[in-house]
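Below is coords27.cif, which holds mmCIF, C-alpha atoms.
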data_input
loop_
_atom_site.label_atom_id
_atom_site.label_comp_id
_atom_site.auth_asym_id
_atom_site.auth_seq_id
_atom_site.Cartn_x
_atom_site.Cartn_y
_atom_site.Cartn_z
CA MET A 20 -10.86 -24.63 -69.27
CA LYS A 21 -14.21 -26.30 -68.53
CA ILE A 22 -16.99 -24.99 -66.31
CA TYR A 23 -19.49 -27.18 -64.43
CA LEU A 24 -22.52 -26.45 -62.27
CA VAL A 25 -22.03 -28.42 -59.04
CA GLY A 26 -23.45 -29.12 -55.60
CA GLY A 27 -26.88 -28.13 -54.38
CA ALA A 28 -28.11 -26.63 -57.64
CA VAL A 29 -27.68 -29.93 -59.48
CA ARG A 30 -29.10 -31.95 -56.60
CA ASP A 31 -32.17 -29.74 -56.18
CA SER A 32 -32.80 -29.70 -59.91
CA LEU A 33 -32.90 -33.50 -59.92
CA LEU A 34 -35.31 -33.38 -56.96
CA ASN A 35 -37.49 -30.81 -58.77
CA LEU A 36 -36.91 -28.33 -55.97
CA PRO A 37 -36.39 -24.55 -56.33
CA ILE A 38 -32.75 -23.62 -56.88
CA LYS A 39 -31.55 -20.87 -54.55
CA ASP A 40 -27.83 -20.56 -55.28
CA LYS A 41 -25.62 -21.76 -58.08
CA ASP A 42 -22.01 -22.77 -57.55
CA TYR A 43 -19.65 -23.40 -60.43
CA LEU A 44 -16.48 -25.46 -60.68
CA VAL A 45 -13.71 -24.51 -63.07
CA VAL A 46 -11.41 -27.29 -64.26
CA GLY A 47 -8.16 -26.62 -66.09
CA ALA A 48 -7.67 -22.94 -65.22
CA THR A 49 -5.21 -20.88 -63.20
CA PRO A 50 -5.95 -17.88 -60.99
CA GLU A 51 -4.17 -15.69 -63.49
CA GLN A 52 -6.46 -16.83 -66.30
CA MET A 53 -9.54 -16.13 -64.20
CA LEU A 54 -8.32 -12.62 -63.38
CA GLN A 55 -7.59 -11.93 -67.04
CA LEU A 56 -11.19 -12.87 -67.85
CA GLY A 57 -12.45 -10.24 -65.41
CA TYR A 58 -13.28 -12.48 -62.44
CA ARG A 59 -12.60 -11.10 -58.95
CA GLN A 60 -10.84 -13.38 -56.47
CA VAL A 61 -12.44 -13.65 -53.00
CA GLY A 62 -11.14 -16.93 -51.61
CA LYS A 63 -8.20 -16.87 -49.22
CA ASP A 64 -7.71 -20.55 -48.40
CA PHE A 65 -8.44 -21.64 -51.97
CA PRO A 66 -9.16 -19.77 -55.21
CA VAL A 67 -12.80 -18.68 -55.48
CA PHE A 68 -13.83 -16.03 -57.98
CA LEU A 69 -16.89 -13.90 -58.58
CA HIS A 70 -18.27 -13.64 -62.11
CA PRO A 71 -17.76 -10.10 -63.47
CA LYS A 72 -21.46 -9.73 -64.40
CA ASN A 73 -23.67 -11.85 -62.14
CA GLN A 74 -21.34 -12.17 -59.11
CA GLN A 75 -21.90 -15.93 -58.87
CA GLU A 76 -19.11 -18.04 -57.35
CA TYR A 77 -16.65 -19.96 -59.50
CA ALA A 78 -14.15 -22.14 -57.65
CA LEU A 79 -11.07 -23.73 -59.18
CA ALA A 80 -10.95 -27.53 -58.96
CA ARG A 81 -8.99 -28.59 -55.91
CA THR A 82 -8.00 -31.45 -53.67
CA GLU A 83 -7.70 -31.37 -49.88
CA ARG A 84 -5.34 -32.97 -47.38
CA LYS A 85 -5.99 -33.24 -43.65
CA ILE A 86 -3.26 -31.54 -41.61
CA GLY A 87 -4.98 -30.57 -38.34
CA LEU A 88 -8.08 -30.73 -36.18
CA GLY A 89 -11.44 -29.35 -37.21
CA TYR A 90 -13.13 -28.46 -40.45
CA GLY A 91 -10.46 -25.82 -41.09
CA GLY A 92 -7.55 -28.23 -40.68
CA PHE A 93 -7.04 -28.85 -44.38
CA SER A 94 -4.38 -28.02 -46.92
CA CYS A 95 -5.92 -27.24 -50.30
CA HIS A 96 -4.28 -27.80 -53.65
CA ALA A 97 -5.79 -26.04 -56.67
CA SER A 98 -4.17 -26.35 -60.06
CA PRO A 99 -5.12 -26.92 -63.72
CA ASP A 100 -4.25 -30.62 -63.45
CA VAL A 101 -6.90 -31.38 -60.79
CA THR A 102 -9.65 -33.37 -62.51
CA LEU A 103 -13.41 -33.09 -62.13
CA GLU A 104 -13.58 -36.47 -60.39
CA GLN A 105 -10.80 -35.54 -57.97
CA ASP A 106 -12.68 -32.41 -56.95
CA LEU A 107 -15.99 -34.25 -56.54
CA LEU A 108 -14.22 -36.91 -54.44
CA ARG A 109 -13.59 -34.41 -51.61
CA ARG A 110 -17.30 -33.61 -51.20
CA ASP A 111 -19.43 -34.85 -48.31
CA LEU A 112 -22.38 -36.74 -49.79
CA THR A 113 -22.89 -38.45 -53.13
CA ILE A 114 -26.02 -36.39 -53.80
CA ASN A 115 -23.80 -33.28 -53.60
CA ALA A 116 -21.08 -34.75 -55.84
CA ILE A 117 -22.85 -34.47 -59.19
CA ALA A 118 -21.72 -32.02 -61.88
CA GLN A 119 -23.44 -30.64 -64.96
CA ASP A 120 -21.63 -29.14 -67.94
CA GLU A 121 -22.75 -26.21 -70.06
CA LYS A 122 -24.65 -28.56 -72.42
CA GLY A 123 -26.63 -30.13 -69.59
CA ASN A 124 -24.69 -33.40 -69.45
CA LEU A 125 -24.44 -34.91 -65.96
CA TYR A 126 -21.25 -36.34 -64.46
CA ASP A 127 -21.90 -38.68 -61.55
CA PRO A 128 -18.80 -40.72 -60.65
CA PHE A 129 -20.09 -41.70 -57.19
CA ASN A 130 -23.66 -42.73 -58.05
CA GLY A 131 -25.33 -39.70 -56.52
CA ILE A 132 -28.31 -39.95 -58.88
CA GLU A 133 -28.90 -43.51 -57.77
CA ASP A 134 -28.82 -42.38 -54.14
CA ILE A 135 -31.26 -39.55 -54.90
CA ASN A 136 -33.67 -42.08 -56.36
CA ALA A 137 -33.14 -44.34 -53.32
CA ARG A 138 -33.55 -41.33 -50.99
CA LEU A 139 -30.19 -42.13 -49.40
CA LEU A 140 -27.69 -39.80 -47.71
CA ARG A 141 -24.37 -41.57 -48.25
CA HIS A 142 -20.78 -40.34 -47.90
CA VAL A 143 -18.54 -40.08 -50.95
CA SER A 144 -15.40 -41.57 -49.38
CA ASP A 145 -13.88 -42.52 -46.03
CA ALA A 146 -12.28 -39.06 -45.98
CA PHE A 147 -15.71 -38.04 -44.68
CA VAL A 148 -14.40 -38.54 -41.12
CA GLU A 149 -11.75 -35.85 -41.58
CA ASP A 150 -14.26 -33.01 -41.40
CA PRO A 151 -16.39 -32.84 -38.20
CA LEU A 152 -18.66 -30.20 -39.73
CA ARG A 153 -20.07 -32.93 -41.93
CA ILE A 154 -21.98 -34.37 -38.98
CA LEU A 155 -23.96 -31.15 -38.73
CA ARG A 156 -24.39 -30.91 -42.49
CA VAL A 157 -25.69 -34.46 -42.81
CA ALA A 158 -28.06 -33.88 -39.89
CA ARG A 159 -29.29 -30.72 -41.61
CA PHE A 160 -29.81 -32.52 -44.93
CA ALA A 161 -31.67 -35.30 -43.12
CA ALA A 162 -33.97 -32.66 -41.61
CA ARG A 163 -34.37 -30.71 -44.84
CA PHE A 164 -35.22 -33.76 -46.96
CA HIS A 165 -37.12 -35.68 -44.28
CA ALA A 166 -40.49 -35.13 -45.97
CA LEU A 167 -39.08 -36.60 -49.18
CA GLY A 168 -38.20 -39.84 -47.41
CA PHE A 169 -34.43 -39.45 -47.22
CA HIS A 170 -32.50 -41.46 -44.62
CA ILE A 171 -28.84 -41.80 -43.67
CA ALA A 172 -26.92 -44.83 -44.91
CA ALA A 173 -25.90 -47.16 -42.08
CA GLU A 174 -22.23 -46.94 -43.04
CA THR A 175 -22.38 -43.14 -43.07
CA LEU A 176 -24.02 -43.08 -39.63
CA ALA A 177 -21.20 -45.34 -38.41
CA LEU A 178 -18.62 -42.79 -39.61
CA MET A 179 -20.57 -40.01 -37.89
CA ARG A 180 -20.37 -41.98 -34.64
CA GLN A 181 -16.64 -42.35 -35.20
CA ILE A 182 -16.26 -38.57 -35.52
CA SER A 183 -18.34 -37.99 -32.38
CA ALA A 184 -16.12 -40.34 -30.41
CA SER A 185 -13.00 -38.37 -31.41
CA ASP A 186 -11.93 -34.87 -30.40
CA GLU A 187 -12.84 -33.41 -33.77
CA LEU A 188 -16.20 -31.91 -32.75
CA ASN A 189 -14.50 -29.84 -30.07
CA ALA A 190 -12.56 -28.06 -32.81
CA LEU A 191 -15.71 -26.60 -34.36
CA THR A 192 -16.17 -22.88 -33.78
CA ALA A 193 -19.28 -21.60 -32.05
CA GLU A 194 -20.20 -19.52 -35.10
CA ARG A 195 -20.09 -22.54 -37.42
CA VAL A 196 -22.16 -24.71 -35.09
CA TRP A 197 -24.79 -22.00 -34.65
CA GLN A 198 -24.89 -21.40 -38.39
CA GLU A 199 -25.93 -25.02 -38.95
CA VAL A 200 -28.42 -24.89 -36.07
CA ASP A 201 -29.90 -21.67 -37.40
CA LYS A 202 -30.34 -23.15 -40.87
CA SER A 203 -32.00 -26.23 -39.40
CA LEU A 204 -34.33 -24.17 -37.23
CA GLY A 205 -35.52 -22.50 -40.41
CA GLY A 206 -36.39 -25.80 -42.08
CA PRO A 207 -39.60 -27.82 -41.99
CA HIS A 208 -38.35 -30.51 -39.59
CA PRO A 209 -35.76 -29.07 -37.16
CA GLU A 210 -36.45 -31.90 -34.71
CA VAL A 211 -34.87 -34.36 -37.15
CA PHE A 212 -31.60 -32.40 -37.00
CA PHE A 213 -31.34 -33.02 -33.26
CA GLU A 214 -32.60 -36.60 -33.55
CA VAL A 215 -29.71 -37.38 -35.90
CA LEU A 216 -27.19 -35.70 -33.60
CA HIS A 217 -28.54 -37.83 -30.77
CA GLN A 218 -28.28 -41.01 -32.84
CA CYS A 219 -24.64 -40.45 -33.74
CA GLY A 220 -23.43 -39.25 -30.33
CA ALA A 221 -22.83 -35.61 -31.33
CA LEU A 222 -25.66 -34.20 -29.20
CA GLU A 223 -23.83 -35.12 -26.00
CA VAL A 224 -20.72 -33.26 -27.17
CA LEU A 225 -22.24 -30.17 -28.76
CA PHE A 226 -25.49 -29.78 -26.80
CA PRO A 227 -25.01 -31.51 -23.43
CA GLU A 228 -27.89 -29.51 -21.90
CA ILE A 229 -30.32 -31.08 -24.40
CA PHE A 230 -28.71 -34.52 -24.24
CA ALA A 231 -29.20 -34.55 -20.45
CA LEU A 232 -32.99 -34.53 -20.94
CA PHE A 233 -33.10 -37.97 -22.50
CA GLY A 234 -33.97 -40.61 -19.94
CA VAL A 235 -35.49 -38.09 -17.52
CA PRO A 236 -39.08 -39.19 -16.73
CA GLN A 237 -42.20 -37.00 -16.53
CA PRO A 238 -45.65 -37.77 -15.05
CA GLU A 239 -47.33 -40.24 -17.42
CA LYS A 240 -50.74 -38.61 -16.89
CA TRP A 241 -49.60 -35.39 -18.54
CA HIS A 242 -46.76 -36.82 -20.61
CA PRO A 243 -47.65 -40.22 -22.10
CA GLU A 244 -44.32 -40.09 -23.97
CA ILE A 245 -42.69 -39.95 -20.48
CA ASP A 246 -39.12 -39.20 -21.65
CA THR A 247 -38.27 -35.47 -21.43
CA GLY A 248 -35.88 -35.65 -24.38
CA VAL A 249 -38.57 -37.17 -26.56
CA HIS A 250 -41.02 -34.51 -25.38
CA THR A 251 -38.52 -31.77 -26.22
CA LEU A 252 -38.20 -32.85 -29.83
CA MET A 253 -41.97 -33.27 -30.09
CA VAL A 254 -42.38 -29.68 -28.88
CA LEU A 255 -39.86 -28.48 -31.46
CA ALA A 256 -41.77 -30.33 -34.18
CA GLN A 257 -45.02 -28.68 -33.06
CA ALA A 258 -43.36 -25.25 -33.02
CA ALA A 259 -42.28 -25.79 -36.61
CA LEU A 260 -45.90 -26.50 -37.54
CA LEU A 261 -47.09 -23.33 -35.81
CA THR A 262 -44.60 -20.71 -36.98
CA ASP A 263 -41.57 -19.95 -39.15
CA ASP A 264 -40.14 -17.82 -36.34
CA LYS A 265 -36.77 -19.40 -35.54
CA SER A 266 -36.61 -17.71 -32.14
CA VAL A 267 -39.87 -19.39 -31.11
CA ARG A 268 -38.55 -22.72 -32.35
CA PHE A 269 -35.33 -22.31 -30.37
CA ALA A 270 -37.29 -21.36 -27.26
CA ALA A 271 -39.38 -24.52 -27.71
CA LEU A 272 -36.18 -26.56 -27.92
CA VAL A 273 -34.72 -25.30 -24.63
CA HIS A 274 -37.84 -24.55 -22.56
CA ASP A 275 -37.46 -27.64 -20.34
CA LEU A 276 -33.69 -27.74 -19.79
CA GLY A 277 -34.26 -27.35 -16.05
CA LYS A 278 -35.92 -30.77 -15.83
CA ALA A 279 -32.47 -32.35 -16.07
CA LEU A 280 -31.69 -30.73 -12.69
CA SER A 281 -34.71 -32.11 -10.83
CA PRO A 282 -33.66 -34.19 -7.79
CA LYS A 283 -33.99 -37.90 -8.48
CA GLU A 284 -36.02 -38.40 -5.32
CA HIS A 285 -38.67 -35.98 -6.67
CA LEU A 286 -39.01 -37.59 -10.12
CA PRO A 287 -41.13 -37.66 -12.17
CA LYS A 288 -42.11 -34.25 -10.77
CA HIS A 289 -40.17 -31.14 -11.77
CA HIS A 290 -40.93 -28.29 -9.39
CA GLY A 291 -39.55 -24.94 -10.56
CA HIS A 292 -37.90 -26.42 -13.64
CA GLY A 293 -38.54 -23.26 -15.67
CA GLN A 294 -36.41 -21.17 -13.34
CA LYS A 295 -33.80 -23.89 -12.89
CA GLY A 296 -33.30 -23.92 -16.64
CA LEU A 297 -32.39 -20.23 -16.91
CA PRO A 298 -28.65 -20.63 -16.11
CA LEU A 299 -28.46 -23.56 -18.53
CA ILE A 300 -30.02 -21.52 -21.33
CA LYS A 301 -27.67 -18.62 -20.63
CA ALA A 302 -24.64 -20.93 -20.71
CA LEU A 303 -25.73 -22.59 -23.96
CA CYS A 304 -26.44 -19.25 -25.62
CA THR A 305 -23.13 -17.78 -24.48
CA ARG A 306 -21.22 -20.82 -25.73
CA LEU A 307 -22.86 -20.79 -29.16
CA ARG A 308 -23.10 -16.99 -29.38
CA VAL A 309 -26.83 -17.13 -29.94
CA PRO A 310 -28.33 -13.75 -30.94
CA ASN A 311 -29.56 -11.75 -27.95
CA GLU A 312 -33.20 -11.56 -29.07
CA THR A 313 -33.35 -15.32 -29.51
CA ARG A 314 -31.72 -15.87 -26.11
CA ASP A 315 -34.08 -13.43 -24.37
CA LEU A 316 -37.19 -15.11 -25.75
CA ALA A 317 -35.86 -18.52 -24.70
CA LEU A 318 -35.34 -17.23 -21.16
CA LEU A 319 -38.84 -15.74 -21.10
CA VAL A 320 -40.47 -18.97 -22.27
CA SER A 321 -38.56 -21.08 -19.76
CA ASP A 322 -39.41 -18.69 -16.94
CA GLN A 323 -43.09 -18.21 -17.73
CA HIS A 324 -44.45 -21.23 -19.62
CA GLN A 325 -45.83 -22.82 -16.47
CA ASN A 326 -47.65 -19.61 -15.57
CA VAL A 327 -49.10 -19.37 -19.07
CA HIS A 328 -50.38 -22.94 -18.85
CA GLN A 329 -52.14 -21.96 -15.59
CA ALA A 330 -53.34 -18.58 -16.88
CA PHE A 331 -56.98 -19.05 -15.83
CA GLU A 332 -55.89 -19.58 -12.23
CA LEU A 333 -53.68 -16.47 -12.01
CA ARG A 334 -54.75 -13.33 -10.17
CA ALA A 335 -55.00 -10.09 -12.11
CA GLU A 336 -51.98 -8.76 -10.17
CA THR A 337 -49.90 -11.74 -11.24
CA ILE A 338 -50.89 -11.39 -14.89
CA VAL A 339 -49.93 -7.71 -14.96
CA LYS A 340 -46.66 -8.53 -13.18
CA ILE A 341 -45.86 -11.03 -15.94
CA PHE A 342 -46.62 -8.39 -18.58
CA ASP A 343 -44.31 -5.96 -16.75
CA LYS A 344 -41.48 -8.43 -16.36
CA ALA A 345 -41.61 -9.39 -20.04
CA ASP A 346 -41.97 -5.73 -21.10
CA PHE A 347 -44.88 -6.52 -23.38
CA TRP A 348 -45.86 -2.83 -23.28
CA ARG A 349 -42.89 -1.99 -25.51
CA LYS A 350 -42.57 -5.39 -27.20
CA PRO A 351 -46.11 -6.75 -27.65
CA GLU A 352 -44.91 -9.23 -30.28
CA ARG A 353 -43.17 -11.18 -27.54
CA LEU A 354 -46.54 -12.12 -26.06
CA THR A 355 -47.47 -13.79 -29.35
CA GLN A 356 -44.12 -15.57 -29.40
CA LEU A 357 -44.54 -16.76 -25.81
CA ILE A 358 -48.02 -18.08 -26.51
CA LEU A 359 -46.87 -19.93 -29.65
CA ALA A 360 -44.08 -21.63 -27.68
CA CYS A 361 -46.59 -22.62 -24.99
CA ILE A 362 -49.00 -24.05 -27.55
CA ALA A 363 -46.12 -26.12 -28.93
CA ASP A 364 -45.28 -27.27 -25.40
CA MET A 365 -48.86 -28.36 -24.76
CA ARG A 366 -49.22 -30.14 -28.10
CA GLY A 367 -45.77 -31.73 -27.97
CA ARG A 368 -47.13 -34.69 -26.05
CA THR A 369 -48.47 -38.03 -27.21
CA GLY A 370 -52.21 -37.70 -27.78
CA PHE A 371 -52.32 -33.92 -27.25
CA GLU A 372 -51.23 -32.92 -30.76
CA ASN A 373 -54.56 -31.35 -31.79
CA ASN A 374 -55.77 -29.96 -28.48
CA PRO A 375 -57.00 -26.35 -28.27
CA TYR A 376 -55.15 -23.83 -26.12
CA PRO A 377 -57.65 -21.25 -24.80
CA GLN A 378 -55.02 -19.79 -22.44
CA GLY A 379 -53.45 -18.04 -25.41
CA GLU A 380 -56.55 -16.06 -26.39
CA TYR A 381 -57.32 -15.40 -22.73
CA LEU A 382 -53.92 -13.83 -22.04
CA THR A 383 -54.11 -11.87 -25.27
CA GLN A 384 -57.42 -10.34 -24.21
CA CYS A 385 -56.04 -9.62 -20.73
CA PHE A 386 -53.15 -7.77 -22.32
CA LEU A 387 -55.43 -5.77 -24.61
CA ALA A 388 -57.52 -4.75 -21.61
CA ALA A 389 -54.45 -3.69 -19.62
CA ASN A 390 -52.82 -1.95 -22.56
CA ASN A 391 -55.93 0.12 -23.27
CA VAL A 392 -55.61 2.00 -19.99
CA ASP A 393 -55.40 5.70 -20.83
CA ILE A 394 -52.09 7.06 -19.53
CA ALA A 395 -53.00 10.58 -20.60
CA ALA A 396 -56.04 10.49 -18.30
CA ILE A 397 -53.82 9.54 -15.37
CA ILE A 398 -51.50 12.47 -16.03
CA ALA A 399 -54.47 14.79 -16.49
CA ALA A 400 -55.77 13.69 -13.08
CA GLY A 401 -52.73 15.33 -11.50
CA PHE A 402 -50.51 12.33 -10.80
CA GLN A 403 -46.77 13.05 -11.01
CA GLY A 404 -43.47 11.16 -11.04
CA ALA A 405 -43.62 7.71 -9.45
CA GLU A 406 -47.34 8.22 -8.79
CA ILE A 407 -48.04 7.90 -12.51
CA LYS A 408 -46.45 4.45 -12.69
CA GLN A 409 -48.25 3.31 -9.54
CA ALA A 410 -51.63 4.57 -10.75
CA LEU A 411 -51.07 3.04 -14.18
CA ASN A 412 -50.26 -0.31 -12.62
CA LEU A 413 -53.38 -0.24 -10.43
CA ARG A 414 -55.63 0.66 -13.33
CA ARG A 415 -54.11 -2.08 -15.46
CA ILE A 416 -54.79 -4.59 -12.68
CA GLU A 417 -58.34 -3.26 -12.42
CA ALA A 418 -58.82 -3.61 -16.19
CA VAL A 419 -57.62 -7.22 -16.15
CA SER A 420 -59.77 -7.95 -13.10
CA GLN A 421 -62.85 -6.57 -14.83
CA PHE A 422 -62.13 -8.69 -17.90
CA LYS A 423 -61.73 -11.79 -15.72
CA GLN A 424 -65.11 -11.11 -14.07
CA LYS A 425 -66.69 -10.62 -17.47
CA MET A 426 -65.27 -13.96 -18.61
CA GLN A 427 -66.66 -15.70 -15.54
CA THR A 428 -70.14 -14.35 -16.08
#
What do you get writing this file as structure tokens?
Amino acid sequence: MKIYLVGGAVRDSLLNLPIKDKDYLVVGATPEQMLQLGYRQVGKDFPVFLHPKNQQEYALARTERKIGLGYGGFSCHASPDVTLEQDLLRRDLTINAIAQDEKGNLYDPFNGIEDINARLLRHVSDAFVEDPLRILRVARFAARFHALGFHIAAETLALMRQISASDELNALTAERVWQEVDKSLGGPHPEVFFEVLHQCGALEVLFPEIFALFGVPQPEKWHPEIDTGVHTLMVLAQAALLTDDKSVRFAALVHDLGKALSPKEHLPKHHGHGQKGLPLIKALCTRLRVPNETRDLALLVSDQHQNVHQAFELRAETIVKIFDKADFWRKPERLTQLILACIADMRGRTGFENNPYPQGEYLTQCFLAANNVDIAAIIAAGFQGAEIKQALNLRRIEAVSQFKQKMQT
């Protein structure tokens, strides 16, 4: 029995990156032997065991055979006669197909080290096309390692296009797709993830609402990049620079979905696109089973980002109505999230990347003024029932109005 460190831990070590998780491969062992050594089996489709002391994963060497659609349509064969090279052959990318033994010796049958040095994401074998999930994984790796200069090999991108043209992507479960999206949204360059999906044809299949934005024009005066799809990814990139909050980043991604519904005769104008996008966001979030909090923020940003951009022109009544509708009184953090998404929207345009966004501070101060209204004083004044809410609303409007006048003077 021989044990090897494999996958991401070896790759990240060679890239001098922090190692988060360690996965081990066991060659030449049976499940019975592992159990006798105190390991606990957790794998159902193939034998995976947890170390009795540190709970790290140890998987028996295996081969895979395609028997059905999707990433789950494989028959796995694990036995003591499966070699290290045979196990590494089934992996997605060469940079993930490097093993290290207990003495630190590296085993690299598919030239993964060479590809790391060349900053190349390249498939291990043509069996790559058998697993549609690999499109999302490669897109995620391209996003994760973008700053290091990694790019996808032309032949690998060709296989990704081949997968996209088949029915394989439709076999992916919503949970698995969202898991890859969620991981990418947490990385430094989530826009690259969607750029890659667009390049290989997967965006149209998995995210048709986003794909529909490409080719839709916007007014050149305000959007020198013109194309709405390009703008969308620029906004996502700006959101990633502003915050680690994945919900804000997702909201930035979908804030303009309604522009795909603008009548052609009205282009490049997009009247009411924020509201038109709400059903599209709901449908996308339902399909991918997006967490409710993330969905709700995306809906808020789509609905209100135009108002936030025009904050200085809004009446005090309108501002308080927005605060009410968004329930900032109970969830004040959502105002910060909304403003961050709007800053990203403003800066996600060619030539606007470093512009200030005074609307954000202005709305924050309006909210502080409205939120400082003393409810206890209203109750003490003798108001009851619905009168309390009405009086509170009027005083909040008055507080915002006074702040606006102060700003003007």
- With distances taken over all atoms listed in the file, which of A:Gly291, A:Gly27, A:Pro99, A:Gly131 is nearest to Ala48 (chain A)?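 Closest candidate: A:Pro99.
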- Using the chain letters and residue numbers of this document, give as a list in words the residues selected by the PyMOL selection byres ((chain A and resi 29-43) around 9).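 In the shown coordinates, the PyMOL selection byres ((chain A and resi 29-43) around 9) covers Ile22, Tyr23, Leu24, Val25, Gly26, Gly27, Ala28, Leu44, Val45, Gln75, Glu76, Tyr77, Ala78, Leu79, Ile114, Asn115, Ala116, Ile117, Ala118, Gln119, Leu125, Gly131, Ile132, Ile135 and Asn136 of chain A.
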- So what does the PyMOL selection byres ((chain A and resi 359) around 8) actually pick up in this one, as a ChimeraX atom specification? /A:258,261-262,267,355-358,360-363
- Task: Give as a VMD selection string the residues that the PyMOL selection byres ((chain A and resi 163-173) around 7) matches when applied to the coordinates above.
- Result: chain A and resid 138 to 141 159 to 162 174 to 177 206 to 208
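Straight-line separation from CA of Asp120 (chain A) to CA of Cys95 (chain A): 23.7 Å.
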What would region 23-36 of chain A look like with N, CA, C and O atoms restored, written as a compact mmCIF listing (two decimals), in the frame of the given file?
# COMPACT_ATOMS: atom_id res chain seq x y z
N TYR A 23 -18.40 -26.27 -64.81
CA TYR A 23 -19.49 -27.18 -64.43
C TYR A 23 -20.33 -26.54 -63.32
O TYR A 23 -19.80 -25.88 -62.42
N LEU A 24 -21.63 -26.76 -63.39
CA LEU A 24 -22.52 -26.45 -62.27
C LEU A 24 -22.43 -27.63 -61.30
O LEU A 24 -22.52 -28.79 -61.72
N VAL A 25 -22.24 -27.34 -60.01
CA VAL A 25 -22.03 -28.42 -59.04
C VAL A 25 -22.86 -28.20 -57.78
O VAL A 25 -23.46 -27.14 -57.58
N GLY A 26 -22.88 -29.24 -56.94
CA GLY A 26 -23.45 -29.12 -55.60
C GLY A 26 -24.96 -29.07 -55.56
O GLY A 26 -25.67 -29.75 -56.29
N GLY A 27 -25.45 -28.19 -54.68
CA GLY A 27 -26.88 -28.13 -54.38
C GLY A 27 -27.77 -27.81 -55.57
O GLY A 27 -28.90 -28.29 -55.64
N ALA A 28 -27.29 -27.00 -56.49
CA ALA A 28 -28.11 -26.63 -57.64
C ALA A 28 -28.44 -27.85 -58.49
O ALA A 28 -29.58 -28.01 -58.95
N VAL A 29 -27.46 -28.71 -58.70
CA VAL A 29 -27.68 -29.93 -59.48
C VAL A 29 -28.59 -30.88 -58.72
O VAL A 29 -29.55 -31.43 -59.26
N ARG A 30 -28.30 -31.06 -57.45
CA ARG A 30 -29.10 -31.95 -56.60
C ARG A 30 -30.55 -31.51 -56.57
O ARG A 30 -31.47 -32.31 -56.79
N ASP A 31 -30.80 -30.23 -56.30
CA ASP A 31 -32.17 -29.74 -56.18
C ASP A 31 -32.91 -29.78 -57.50
O ASP A 31 -34.13 -30.00 -57.54
N SER A 32 -32.18 -29.59 -58.59
CA SER A 32 -32.80 -29.70 -59.91
C SER A 32 -33.30 -31.12 -60.15
O SER A 32 -34.41 -31.33 -60.66
N LEU A 33 -32.50 -32.11 -59.75
CA LEU A 33 -32.90 -33.50 -59.92
C LEU A 33 -34.06 -33.87 -59.00
O LEU A 33 -34.81 -34.81 -59.29
N LEU A 34 -34.20 -33.14 -57.89
CA LEU A 34 -35.31 -33.38 -56.96
C LEU A 34 -36.53 -32.51 -57.29
O LEU A 34 -37.53 -32.55 -56.57
N ASN A 35 -36.42 -31.72 -58.37
CA ASN A 35 -37.49 -30.81 -58.77
C ASN A 35 -37.82 -29.79 -57.69
O ASN A 35 -38.97 -29.44 -57.46
N LEU A 36 -36.77 -29.34 -57.00
CA LEU A 36 -36.91 -28.33 -55.97
C LEU A 36 -36.41 -26.98 -56.49
O LEU A 36 -35.59 -26.93 -57.42
